[in-house]
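Enquirer: Pasting a structure here, questions to come.
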Amino acid sequence: MDQIFQKQQKLKEALLSLNRLQAESISKRLTKERDSLSLVEEIFIPVLEDIGQGWEEGKYGLSQVYWSARFCEEWIAQNLLDESGTVTDNPRMAIAVLEDFHSLGKTIVCSIIRSAGFTIEDFGIGISASALVEKTMEENIEILLISTLMLPSALSISEVYEQFQQKNYPVKLVVGGAPFRIDPDLVKEVRADYIVKSAADVIKVIRSIIQIKHSGT
Amino acid sequence: MNSMERVLATLSQNEPDRVPLFLLVSMHGAKELGLSIQEYFQKGEQVADGQLRMLKKFGHDCLYNFFYASLETEAMGGQSIFRKNGPPNSGAPIIRNFEDIEILELPRPEDSPRLLEVLKATRLMKEAVGDTVPIIGVVMSPFSLPVMQMGFERYFDLIFQYHVLFQRLMALNEEFCVAWANAQLEAGASAICYYDPVASSTITFRDDYIKNGFDVDKRTISRIKGPTAIHMASGRCLSILDLLAQTGTTMVGVSAEEDLKEIKDQSKLNILGNLNGIRMRNWNADQAEANVKAAIRAAGSGGGFILADNHGEIPWQIQEETLLSISKAVRQWGKYPLRWIHETTE
Ligand code: B12
């Protein structure tokens, strides 16, 4: 356990200092030592969650969250691709930026999800409520992640919810972005299922949705 | 005391007759004039008219010449994407590749028809109120502007991987920012609100701010020929308060996400804030009053405090009644000396 902790710390330090060479050499060493699954589960994900949590607490900057998530996503794609894309229970997921044109939140969330070995479709930015609903249904999406930065866009999630209700389409709505951090009550107002305050918490939410699905509740 | 005297007293860390209130309303002026947000911001005279009407209606202590953030990138050849129920967003970035920075040239503010509308609004407001009400001008800091010039992801890559080009962009933005701030001061603005949320620890880690943004802010603020308030646009700043105080600014605009009392205790700077503008849309009169009281209790004593929202722009969704309740509560609870804060502990 202690040993794993030390390894996590080393990778975390390299990521926080945006040191690509060091992060690569640590990751390479770790790949030789363990299989892809435990590397992702025991090292990459906890480290990303820890950095995300640190951001939430004001200990680290968003540039570090962004850089770490991008590094892990790229590294896994280049080095562990075959095995890491093998999450056996990968719900059909998509992410979009509703009405806004700011992609940073979405980019970070996507990288973290992909670093955990899930696949997720990217519906892009600046999409309207009705186009988003249509696309979600076309692609049979089970979990829809929505990022917004502006308050009116966050409020438009209500419209997305209502359209799904009208069409009787069962989908889990996971939402995030600055307005939700600043006013967590907003999630009730827009009737989303889950709010995620820091991108790194998204894995826990996805897993709990999967678990609930399996337990049939 | 008029608004100007009230504000000047508090800025010199004295207690005026009451806590000054800056209701930083921008888009609401369109409601006053029965125009869409997009129409309203086309003409400086409309903005001046809207501001003067709101000053009368809400009885607060400033006029605000802010149109919207992406006006600056519009002046640089970019576009704004308008919506009916909120501020516009910046459109496609004007810097598409890192190499673009090598040949980038930024306009002089006086050559931009859009920025001239802001100067016109400022002049008209100044004509109307003279020196009785402070007129707040606005600039985006050179360090925060690139998010709109090139997108956030690419900007992070620029800062951390292309240092020479980053420095060049900062130099260009500094010139633009200084010229734009000084043009507003010349047109009649009393002070400049210098928006720098990328410096906030919501975005940038303290050490990285020291490495990349701090000197830019120091250099720029020192060349602005009037008082400035460095505003975090609701980003956090407790961990960099000491640095912000060294930029030469007189005031800091702070977030509802941080403890106002802790900021007041730690800061040498005057404080502007920190009502939560997003939560405000559901406040009834009692909640407005309670929030005003809490802020005054935390930061009012001894002056050095202007009550405002925490972002520097009241969202379109906030009802007029809520703004009136805030204004009323400041009149009731903001009168100096603030004896009540020692009497009750709610
Ligand atoms: C830095 C900043 C700026 C900068 C850069 C903004 C940008 N990205 O383009 C500048 C100075 C340019 C700026 C300008 C404006 N801003 Co601004 N800005 C901010 C600030 C401080 C941070 C925003 C940011 O980019 N964060 C980075 C992103 C990635 O963080 P995030 O959205 O929180 O995402 C994290 C998590 O929430 C999560 N997440 C995000 N989405 C999702 C989705 C899912 C599914 C999950 C699981 C997780 C998740 O992942 C991320 C990492 O953990 C916020 C206030 C704040 N305290 O956050 C205001 C804020 C976003 N700004 C706001 C506004 C209004 C504006 C302007 C429209 C002002 C104007 N009138 O012009 C302009 C628009 C500019 C533009 N680009 O078009 C408002 C928006 C809300 C509202 N009132 O409508 C905010 C919230 C301020 C406030 N308190 O009201 N701003």
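Chain labels A, B, ... are given in the sequence in which chains occur in the structure tokens; within each chain residues are numbered consecutively from 1, and ligands are likewise numbered from 1 in the order shown.
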Write out as number ranges by chain all residues of stretch 2-209 of chain A that backbone DSSP assigns to helix (DSSP H, G or I).

Expert: A: 2-16, 20-33, 36-56, 62-79, 81-84, 104-115, 129-138, 151-155, 157-166, 178-182, 186-190, 199-209

Enquirer: Which residues form the shell of 6 Å around ligand 1 when you count only C-alpha atoms and all ligand atoms, given as a PDB file with C-alpha atoms, in the first residue's frame?

Expert:
```pdb
ATOM      1  CA  HIS A 102     -16.011  27.179 -23.956  1.00  0.00           C
ATOM      2  CA  LEU A 104     -11.897  23.616 -21.470  1.00  0.00           C
ATOM      3  CA  GLY A 105     -14.217  21.924 -18.950  1.00  0.00           C
ATOM      4  CA  LYS A 106     -15.302  19.384 -21.543  1.00  0.00           C
ATOM      5  CA  VAL A 109     -13.662  15.764 -18.310  1.00  0.00           C
ATOM      6  CA  LEU A 145     -22.687  14.753 -19.679  1.00  0.00           C
ATOM      7  CA  ILE A 146     -23.312  18.466 -20.109  1.00  0.00           C
ATOM      8  CA  SER A 147     -20.847  21.247 -19.452  1.00  0.00           C
ATOM      9  CA  THR A 148     -21.868  24.905 -19.277  1.00  0.00           C
ATOM     10  CA  LEU A 149     -20.054  28.068 -18.269  1.00  0.00           C
ATOM     11  CA  MET A 150     -22.753  30.727 -18.573  1.00  0.00           C
ATOM     12  CA  LEU A 151     -25.797  30.888 -16.314  1.00  0.00           C
ATOM     13  CA  VAL A 174     -24.622  14.544 -15.405  1.00  0.00           C
ATOM     14  CA  VAL A 175     -23.868  18.256 -15.320  1.00  0.00           C
ATOM     15  CA  GLY A 176     -20.962  20.483 -14.378  1.00  0.00           C
ATOM     16  CA  GLY A 177     -19.269  23.829 -14.933  1.00  0.00           C
ATOM     17  CA  ALA A 178     -18.726  27.089 -13.083  1.00  0.00           C
ATOM     18  CA  PRO A 179     -22.378  28.041 -12.401  1.00  0.00           C
ATOM     19  CA  VAL A 196     -19.971  17.125 -10.508  1.00  0.00           C
ATOM     20  CA  LYS A 197     -18.016  19.961  -8.933  1.00  0.00           C
ATOM     21  CA  SER A 198     -14.569  18.912 -10.017  1.00  0.00           C
ATOM     22  CA  ALA A 199     -13.907  17.017 -13.244  1.00  0.00           C
ATOM     23  CA  VAL A 202     -16.737  12.119 -12.745  1.00  0.00           C
TER      24      VAL A 202
ATOM     25  CA  TYR B  68     -19.158  42.997 -22.348  1.00  0.00           C
ATOM     26  CA  ALA B  69     -15.752  41.334 -22.259  1.00  0.00           C
ATOM     27  CA  SER B  70     -15.493  40.279 -25.878  1.00  0.00           C
ATOM     28  CA  PRO B  87     -24.030  38.458 -22.152  1.00  0.00           C
ATOM     29  CA  PRO B  88     -22.466  37.571 -25.486  1.00  0.00           C
ATOM     30  CA  ASN B  89     -19.594  35.126 -25.785  1.00  0.00           C
ATOM     31  CA  SER B  90     -16.514  35.628 -27.883  1.00  0.00           C
ATOM     32  CA  SER B 144      -6.591  37.152 -18.983  1.00  0.00           C
ATOM     33  CA  LEU B 145      -7.436  38.459 -22.449  1.00  0.00           C
ATOM     34  CA  VAL B 147      -8.504  33.161 -23.304  1.00  0.00           C
ATOM     35  CA  MET B 148     -10.748  35.070 -25.687  1.00  0.00           C
ATOM     36  CA  PRO B 197      -9.609  36.149 -13.310  1.00  0.00           C
ATOM     37  CA  VAL B 198      -6.905  34.055 -14.978  1.00  0.00           C
ATOM     38  CA  ALA B 233     -14.486  37.955 -11.543  1.00  0.00           C
ATOM     39  CA  SER B 234     -15.433  35.565  -8.711  1.00  0.00           C
ATOM     40  CA  GLY B 235     -12.234  33.546  -8.938  1.00  0.00           C
ATOM     41  CA  ILE B 278     -25.695  33.445  -9.387  1.00  0.00           C
ATOM     42  CA  HIS B 311     -18.373  38.897 -10.457  1.00  0.00           C
ATOM     43  CA  PRO B 315     -26.717  38.452 -14.320  1.00  0.00           C
TER      44      PRO B 315
END
```

Enquirer: Can you tell me how far atom CA of B:Glu343 sits from atom CA of B:Gly273, in Å to one decimal?

Expert: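 Here the two named atoms are 23.6 Å from each other.
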
Enquirer: Taking a cut-off of 8 Å and counting only C-alpha atoms, can you build a table that, for each residue of chain A near chain B, reports the nearest atom pair and how far apart they are in Å (one decimal), sorted by chain then residue number, as JSON lines?

Expert:
```
{"residue": "A:Trp55", "atom": "CA", "partner": "B:Thr202", "partner_atom": "CA", "distance": 7.5}
{"residue": "A:Gly58", "atom": "CA", "partner": "B:Ser201", "partner_atom": "CA", "distance": 6.5}
{"residue": "A:Lys59", "atom": "CA", "partner": "B:Phe205", "partner_atom": "CA", "distance": 7.5}
{"residue": "A:Tyr60", "atom": "CA", "partner": "B:Phe205", "partner_atom": "CA", "distance": 5.4}
{"residue": "A:Gly61", "atom": "CA", "partner": "B:Phe205", "partner_atom": "CA", "distance": 4.1}
{"residue": "A:Leu62", "atom": "CA", "partner": "B:Ile203", "partner_atom": "CA", "distance": 4.7}
{"residue": "A:Ser63", "atom": "CA", "partner": "B:Thr204", "partner_atom": "CA", "distance": 6.4}
{"residue": "A:Asp100", "atom": "CA", "partner": "B:Asn89", "partner_atom": "CA", "distance": 7.5}
{"residue": "A:Phe101", "atom": "CA", "partner": "B:Asn89", "partner_atom": "CA", "distance": 7.2}
{"residue": "A:His102", "atom": "CA", "partner": "B:Gly151", "partner_atom": "CA", "distance": 7.8}
{"residue": "A:Ser103", "atom": "CA", "partner": "B:Phe152", "partner_atom": "CA", "distance": 7.8}
{"residue": "A:Leu104", "atom": "CA", "partner": "B:Glu153", "partner_atom": "CA", "distance": 6.2}
{"residue": "A:Leu151", "atom": "CA", "partner": "B:Ile278", "partner_atom": "CA", "distance": 7.4}
{"residue": "A:Pro152", "atom": "CA", "partner": "B:Gly86", "partner_atom": "CA", "distance": 6.3}
{"residue": "A:Pro179", "atom": "CA", "partner": "B:Ile278", "partner_atom": "CA", "distance": 7.0}
{"residue": "A:Ile182", "atom": "CA", "partner": "B:Ile278", "partner_atom": "CA", "distance": 7.0}
{"residue": "A:Asp183", "atom": "CA", "partner": "B:Arg279", "partner_atom": "CA", "distance": 5.8}
```

Enquirer: Print the selection's residues with C-alpha atoms to a file, as a PDB file, in the first residue's frame.

Expert:
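Result saved to result_2.pdb:
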```
ATOM      1  CA  TRP A  55      -7.968  22.194  -7.326  1.00  0.00           C
ATOM      2  CA  GLY A  58      -7.579  25.764  -3.948  1.00  0.00           C
ATOM      3  CA  LYS A  59      -4.237  23.920  -3.619  1.00  0.00           C
ATOM      4  CA  TYR A  60      -3.503  23.561  -7.337  1.00  0.00           C
ATOM      5  CA  GLY A  61      -4.261  25.553 -10.459  1.00  0.00           C
ATOM      6  CA  LEU A  62      -6.565  24.547 -13.268  1.00  0.00           C
ATOM      7  CA  SER A  63      -3.616  24.486 -15.655  1.00  0.00           C
ATOM      8  CA  ASP A 100     -21.670  27.941 -24.800  1.00  0.00           C
ATOM      9  CA  PHE A 101     -18.430  28.036 -26.736  1.00  0.00           C
ATOM     10  CA  HIS A 102     -16.011  27.179 -23.956  1.00  0.00           C
ATOM     11  CA  SER A 103     -14.416  23.798 -24.319  1.00  0.00           C
ATOM     12  CA  LEU A 104     -11.897  23.616 -21.470  1.00  0.00           C
ATOM     13  CA  LEU A 151     -25.797  30.888 -16.314  1.00  0.00           C
ATOM     14  CA  PRO A 152     -28.400  31.017 -19.123  1.00  0.00           C
ATOM     15  CA  PRO A 179     -22.378  28.041 -12.401  1.00  0.00           C
ATOM     16  CA  ILE A 182     -20.992  28.671  -7.526  1.00  0.00           C
ATOM     17  CA  ASP A 183     -24.595  27.649  -6.844  1.00  0.00           C
TER      18      ASP A 183
END
```

Enquirer: Using only C-alpha atoms, determine which residues lie at most 9 Å from B:Met4, disregarding the query and same-chain residues fewer than 6 positions distant; provide the list as a compact mmCIF listing (two decimals) with all heavy atoms, in the first residue's frame.

Expert:
```txt
# COMPACT_ATOMS: atom_id res chain seq x y z
N ASP B 61 -24.01 53.68 -6.00
CA ASP B 61 -22.96 54.70 -5.93
C ASP B 61 -21.99 54.73 -7.10
O ASP B 61 -20.87 55.22 -6.95
CB ASP B 61 -22.18 54.53 -4.62
CG ASP B 61 -23.04 54.87 -3.41
OD1 ASP B 61 -23.50 56.02 -3.32
OD2 ASP B 61 -23.29 53.98 -2.58
N CYS B 62 -22.37 54.18 -8.24
CA CYS B 62 -21.44 54.29 -9.39
C CYS B 62 -22.19 54.18 -10.70
O CYS B 62 -23.33 53.71 -10.76
CB CYS B 62 -20.38 53.20 -9.34
SG CYS B 62 -21.01 51.58 -9.77
N ASP B 131 -18.50 65.35 -11.06
CA ASP B 131 -17.67 64.63 -10.09
C ASP B 131 -18.48 64.08 -8.92
O ASP B 131 -17.94 63.77 -7.88
CB ASP B 131 -16.58 65.56 -9.55
CG ASP B 131 -15.52 65.83 -10.61
OD1 ASP B 131 -15.26 64.91 -11.43
OD2 ASP B 131 -14.99 66.96 -10.65
N THR B 132 -19.79 63.96 -9.10
CA THR B 132 -20.59 63.51 -7.95
C THR B 132 -20.69 62.01 -7.84
O THR B 132 -20.92 61.47 -6.75
CB THR B 132 -22.02 64.10 -8.02
OG1 THR B 132 -22.64 63.63 -9.23
CG2 THR B 132 -22.01 65.62 -7.99
N VAL B 133 -20.57 61.31 -8.97
CA VAL B 133 -20.71 59.85 -8.95
C VAL B 133 -19.52 59.24 -9.68
O VAL B 133 -19.23 59.65 -10.81
CB VAL B 133 -22.02 59.40 -9.67
CG1 VAL B 133 -22.17 57.89 -9.64
CG2 VAL B 133 -23.23 60.07 -9.07
N PRO B 134 -18.82 58.29 -9.07
CA PRO B 134 -17.70 57.68 -9.80
C PRO B 134 -18.18 56.89 -11.02
O PRO B 134 -19.19 56.19 -10.96
CB PRO B 134 -17.05 56.76 -8.77
CG PRO B 134 -17.99 56.65 -7.64
CD PRO B 134 -18.96 57.78 -7.71
```

Enquirer: Which residues are close to B:Met140, i.e. within 9 Å by only C-alpha atoms, leaving aside same-chain residues fewer than 5 positions away? Reply as a ChimeraX atom specification.

Expert: /B:69,72,145,177,193-196

Enquirer: Could you pull out the strand (DSSP E or B) residues of stretch 83-298 of chain B from DSSP and send them as number ranges by chain?

Expert: B: 83, 86-90, 135-140, 191-195, 228-231, 251-253, 270-275

Enquirer: For stretch 223-225 of chain B, please output as a PyMOL selection string all residues within 7 Å (counting only C-alpha atoms; exclusion window: fewer than 5 positions along the same chain).

Expert: chain B and resi 178+181-182

Enquirer: Can you measure atom CA of B:Lys261 to atom CA of A:Phe180 for me? One decimal in Å is fine.

Expert: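 For atom CA of B:Lys261 relative to atom CA of A:Phe180, the distance reads 24.1 Å.
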
Enquirer: Name all residues at most 10 Å from B:Leu269 (count only C-alpha atoms; drop same-chain ones fewer than 5 positions away) and give them as a PyMOL selection string.

Expert: chain B and resi 11+13+229-230+241-242+244-246+248-253+263-264+304-305

Enquirer: Please determine, counting only C-alpha atoms, which residue among A:Leu11, A:Val160, A:Met137, A:Val190 has the shortest atom-to-atom distance to A:Arg92.

Expert: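 That would be A:Met137, the residue with the smallest distance to A:Arg92.
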
Enquirer: Could you work out how far atom CA of A:Glu99 lies from atom CA of A:Asp122, giving the answer in Å with one decimal?

Expert: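 Answer for the atom CA of A:Asp122 to atom CA of A:Glu99 separation: 14.6 Å.
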
Enquirer: Closest to B:Glu117 among B:Val164, B:Gly44, B:Leu104, B:Ser80, using only C-alpha atoms?

Expert: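 Of B:Val164, B:Gly44, B:Leu104, B:Ser80, the one nearest B:Glu117 is B:Gly44, counting only C-alpha atoms.
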
Enquirer: Excluding same-chain residues fewer than 6 positions from A:Ser111, what lies within 12 Å of it counting only C-alpha atoms, as a ChimeraX atom specification?

Expert: /A:44-45,48,65-77,95,104-105,117-122,199-200,202-203

Enquirer: Selected residues, C-alpha atoms, written as a CSV table (one decimal), in the first residue's frame, please.

Expert:
```
chain,number,residue,atom,x,y,z
A,44,PHE,CA,-3.6,7.2,-12.9
A,45,ILE,CA,-7.1,7.6,-11.6
A,48,LEU,CA,-6.0,12.6,-11.3
A,65,VAL,CA,-5.6,19.7,-13.8
A,66,TYR,CA,-5.7,20.3,-17.5
A,67,TRP,CA,-2.2,19.3,-18.2
A,68,SER,CA,-2.3,16.2,-16.0
A,69,ALA,CA,-5.5,14.9,-17.6
A,70,ARG,CA,-4.2,15.5,-21.1
A,71,PHE,CA,-0.9,13.8,-20.3
A,72,CYS,CA,-2.7,10.7,-18.9
A,73,GLU,CA,-5.1,10.5,-21.7
A,74,GLU,CA,-2.4,10.7,-24.4
A,75,TRP,CA,0.0,8.4,-22.6
A,76,ILE,CA,-2.7,5.7,-22.1
A,77,ALA,CA,-3.8,6.1,-25.7
A,95,ILE,CA,-20.5,14.9,-23.6
A,104,LEU,CA,-11.9,23.6,-21.5
A,105,GLY,CA,-14.2,21.9,-18.9
A,117,GLY,CA,-10.5,3.4,-20.0
A,118,PHE,CA,-14.0,4.4,-20.9
A,119,THR,CA,-15.0,5.6,-24.4
A,120,ILE,CA,-17.2,8.7,-24.7
A,121,GLU,CA,-18.6,10.5,-27.7
A,122,ASP,CA,-17.9,14.2,-28.1
A,199,ALA,CA,-13.9,17.0,-13.2
A,200,ALA,CA,-12.0,14.3,-11.5
A,202,VAL,CA,-16.7,12.1,-12.7
A,203,ILE,CA,-15.4,8.6,-12.6
```
